[in-house]
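Asker: Take a look at this one; I'll ask things after.
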Amino acid sequence: MDPQHAPGPPPPLEQALHAARALVLADLMSRGVAEADVVSLVEDSVAHRRWWVEQWPEGAGFLAGLVAQDVQDALLERYGRWPLCPVCGSGDPHALEVEPELGPDPHWVCHKAGVKVAAVGGLGGTDAS
């Protein structure tokens with residue numbers, strides 16, 4: 001390939017979208033729920049968030065948390081709560097929540113116990129289901 005026409009790295013918007021997709025897919029795969037229909041929910045969210053971040057480029061750092069929340073909401077409507085909290089061993093099962101709702105460095109948090117459980121994309125290191 002001609003070096004002058006070699007493709008460069010993807011634009012920052014694409015990099016941010018791909019990174020958000022990869023983090024959420026990692027969490028889904030770590031819990032064994034990355035079936036084709038669930039992956040489609042991720043793709044739908046990424047497509048929606050592409051438009052959103054095109055309108056507000058400064059929000060690119062918030063994409064991982066937003067995609068995680070979108071997928072969590074879609075899963076709740078179709079299948080139930082996800083991801084379940086691995087911290088609280090008694091009482092009703094409850095889902096973790098993404099904090100901050102709109103901000104960088106999103107984490108899965110248990111509000112009942114008041115603890116950060118894992119970064120978005122890092123559920124593989126916990127016992128959440």
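Identifiers in the structure tokens: chain A, B, ... in order shown; residue index from 1 per chain; ligand index from 1 in order shown.
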Can you tell me, as a compact mmCIF listing (two decimals) with N, CA and C atoms, in the first residue's frame, what residues are no more than 10 Å from range 70-84 of chain A when counting only C-alpha atoms, ignoring any on the same chain fewer than 3 positions away?

Answerer:
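Saved file selection.txt follows:
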# COMPACT_ATOMS: atom_id res chain seq x y z
N VAL A 24 -18.64 -2.16 27.41
CA VAL A 24 -19.95 -2.72 27.75
C VAL A 24 -20.02 -4.19 27.31
N LEU A 25 -19.47 -4.50 26.15
CA LEU A 25 -19.45 -5.90 25.70
C LEU A 25 -18.62 -6.76 26.66
N ASP A 27 -18.32 -6.36 29.88
CA ASP A 27 -19.16 -6.64 31.04
C ASP A 27 -20.22 -7.68 30.73
N LEU A 28 -20.83 -7.57 29.56
CA LEU A 28 -21.85 -8.55 29.17
C LEU A 28 -21.24 -9.94 29.02
N ARG A 31 -20.40 -11.86 32.21
CA ARG A 31 -21.57 -12.38 32.92
C ARG A 31 -22.35 -13.38 32.07
N VAL A 33 -23.96 -13.05 29.21
CA VAL A 33 -25.24 -12.61 28.63
C VAL A 33 -25.05 -11.92 27.28
N VAL A 38 -28.70 -9.42 22.68
CA VAL A 38 -28.18 -8.46 23.64
C VAL A 38 -27.10 -7.60 22.99
N VAL A 39 -26.26 -8.21 22.17
CA VAL A 39 -25.26 -7.43 21.44
C VAL A 39 -25.95 -6.42 20.53
N SER A 40 -27.09 -6.78 19.99
CA SER A 40 -27.86 -5.84 19.17
C SER A 40 -28.29 -4.61 19.98
N LEU A 41 -28.57 -4.81 21.26
CA LEU A 41 -28.91 -3.67 22.13
C LEU A 41 -27.72 -2.73 22.26
N VAL A 42 -26.53 -3.29 22.34
CA VAL A 42 -25.32 -2.47 22.41
C VAL A 42 -25.17 -1.68 21.11
N GLU A 43 -25.34 -2.36 19.99
CA GLU A 43 -25.21 -1.70 18.69
C GLU A 43 -26.23 -0.57 18.54
N ASP A 44 -27.46 -0.81 19.01
CA ASP A 44 -28.49 0.23 18.94
C ASP A 44 -28.09 1.45 19.77
N SER A 45 -27.56 1.20 20.95
CA SER A 45 -27.13 2.29 21.81
C SER A 45 -25.98 3.07 21.18
N VAL A 46 -25.00 2.36 20.63
CA VAL A 46 -23.86 3.04 20.01
C VAL A 46 -24.33 3.91 18.84
N HIS A 48 -27.29 5.30 18.49
CA HIS A 48 -27.98 6.44 19.07
C HIS A 48 -26.98 7.44 19.66
N ARG A 49 -26.01 6.93 20.38
CA ARG A 49 -25.02 7.81 21.01
C ARG A 49 -24.10 8.46 20.00
N ALA A 64 -19.01 5.67 27.57
CA ALA A 64 -19.04 4.33 28.19
C ALA A 64 -20.16 4.22 29.21
N GLY A 65 -20.30 5.21 30.06
CA GLY A 65 -21.37 5.19 31.06
C GLY A 65 -22.75 5.27 30.44
N LEU A 66 -22.88 6.07 29.40
CA LEU A 66 -24.18 6.21 28.74
C LEU A 66 -24.59 4.94 28.02
N VAL A 67 -23.65 4.32 27.32
CA VAL A 67 -23.97 3.07 26.62
C VAL A 67 -24.31 1.99 27.65
N VAL A 87 -22.28 -7.67 46.04
CA VAL A 87 -21.86 -7.23 47.37
C VAL A 87 -22.86 -7.62 48.45
N CYS A 88 -24.12 -7.41 48.16
CA CYS A 88 -25.17 -7.66 49.15
C CYS A 88 -25.59 -9.13 49.09
N PRO A 93 -32.51 -9.43 45.42
CA PRO A 93 -31.46 -9.12 44.45
C PRO A 93 -31.74 -7.75 43.82
N HIS A 94 -30.70 -7.01 43.60
CA HIS A 94 -30.84 -5.70 42.98
C HIS A 94 -29.68 -5.47 42.03
N ALA A 95 -29.91 -4.59 41.08
CA ALA A 95 -28.89 -4.30 40.07
C ALA A 95 -27.94 -3.22 40.55
N LEU A 96 -26.75 -3.27 40.02
CA LEU A 96 -25.80 -2.18 40.21
C LEU A 96 -26.24 -1.01 39.35
N GLU A 97 -25.77 0.17 39.67
CA GLU A 97 -26.07 1.36 38.88
C GLU A 97 -24.78 2.00 38.41
N VAL A 98 -24.87 2.75 37.32
CA VAL A 98 -23.71 3.44 36.77
C VAL A 98 -23.60 4.82 37.43
N TRP A 108 -19.67 0.76 38.12
CA TRP A 108 -20.85 0.07 38.61
C TRP A 108 -20.83 0.22 40.12
N CYS A 110 -23.04 -0.14 43.97
CA CYS A 110 -24.16 -0.62 44.77
C CYS A 110 -24.57 0.51 45.70
N LEU A 123 -16.33 -5.69 35.11
CA LEU A 123 -17.11 -6.66 35.90
C LEU A 123 -16.48 -8.05 35.90
N ASP A 127 -17.83 -10.89 41.32
CA ASP A 127 -18.71 -12.05 41.30
C ASP A 127 -20.14 -11.68 40.94
N ALA A 128 -20.35 -10.55 40.23
CA ALA A 128 -21.70 -10.13 39.84
C ALA A 128 -22.24 -11.10 38.80
N SER A 129 -23.58 -11.19 38.73
CA SER A 129 -24.17 -12.05 37.70
C SER A 129 -25.05 -11.25 36.80

Asker: Apply DSSP to the structure's backbone, then extract all residues of chain A labelled strand (DSSP E or B) and return them as a ChimeraX atom specification.

Answerer: /A:84,95,97-99,107-110,115-119

Asker: Where in chain A does DSSP assign alpha helix (DSSP H), given as a count of residues only?

Answerer: 55

Asker: Suppose you want the space between CA of Ala47 in chain A and CA of Gly61 in chain A; what is it in Å?

Answerer: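 Going from CA of Ala47 in chain A over to CA of Gly61 in chain A, I get 16.2 Å.
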
Asker: Counting only C-alpha atoms, which residue out of A:Gly32, A:Gly125, A:Gly59, A:Pro11 sits closest to Pro104 in chain A?

Answerer: A:Gly59

Asker: Which residues, written as a PyMOL selection string, have at least one atom at most 9 Å from Ala118 in chain A, with only C-alpha atoms counted and residues fewer than 6 positions away on the same chain left out?

Answerer: chain A and resi 106-109+124-126

Asker: Can I get the selected residues back with N, CA and C atoms, as a PDB file, in the first residue's frame?

Answerer:
ATOM      1  N   PRO A 106     -16.834   6.068  34.452  1.00  0.00           N
ATOM      2  CA  PRO A 106     -18.027   5.466  35.049  1.00  0.00           C
ATOM      3  C   PRO A 106     -17.726   4.148  35.757  1.00  0.00           C
ATOM      4  N   HIS A 107     -18.432   3.916  36.843  1.00  0.00           N
ATOM      5  CA  HIS A 107     -18.299   2.702  37.649  1.00  0.00           C
ATOM      6  C   HIS A 107     -19.670   2.086  37.901  1.00  0.00           C
ATOM      7  N   TRP A 108     -19.672   0.765  38.117  1.00  0.00           N
ATOM      8  CA  TRP A 108     -20.851   0.067  38.607  1.00  0.00           C
ATOM      9  C   TRP A 108     -20.833   0.224  40.124  1.00  0.00           C
ATOM     10  N   VAL A 109     -21.935   0.707  40.684  1.00  0.00           N
ATOM     11  CA  VAL A 109     -22.011   1.039  42.104  1.00  0.00           C
ATOM     12  C   VAL A 109     -23.214   0.355  42.736  1.00  0.00           C
ATOM     13  N   GLY A 124     -15.609  -8.322  34.984  1.00  0.00           N
ATOM     14  CA  GLY A 124     -14.967  -9.631  34.933  1.00  0.00           C
ATOM     15  C   GLY A 124     -14.169  -9.960  36.179  1.00  0.00           C
ATOM     16  N   GLY A 125     -13.818  -8.964  36.955  1.00  0.00           N
ATOM     17  CA  GLY A 125     -13.056  -9.193  38.162  1.00  0.00           C
ATOM     18  C   GLY A 125     -13.916  -9.259  39.408  1.00  0.00           C
ATOM     19  N   THR A 126     -15.259  -9.329  39.238  1.00  0.00           N
ATOM     20  CA  THR A 126     -16.170  -9.397  40.385  1.00  0.00           C
ATOM     21  C   THR A 126     -17.016 -10.656  40.286  1.00  0.00           C
TER      22      THR A 126
END

Asker: Can you measure CA of Gly121 in chain A to CA of Ala20 in chain A for me? One decimal in Å is fine.

Answerer: 8.6 Å
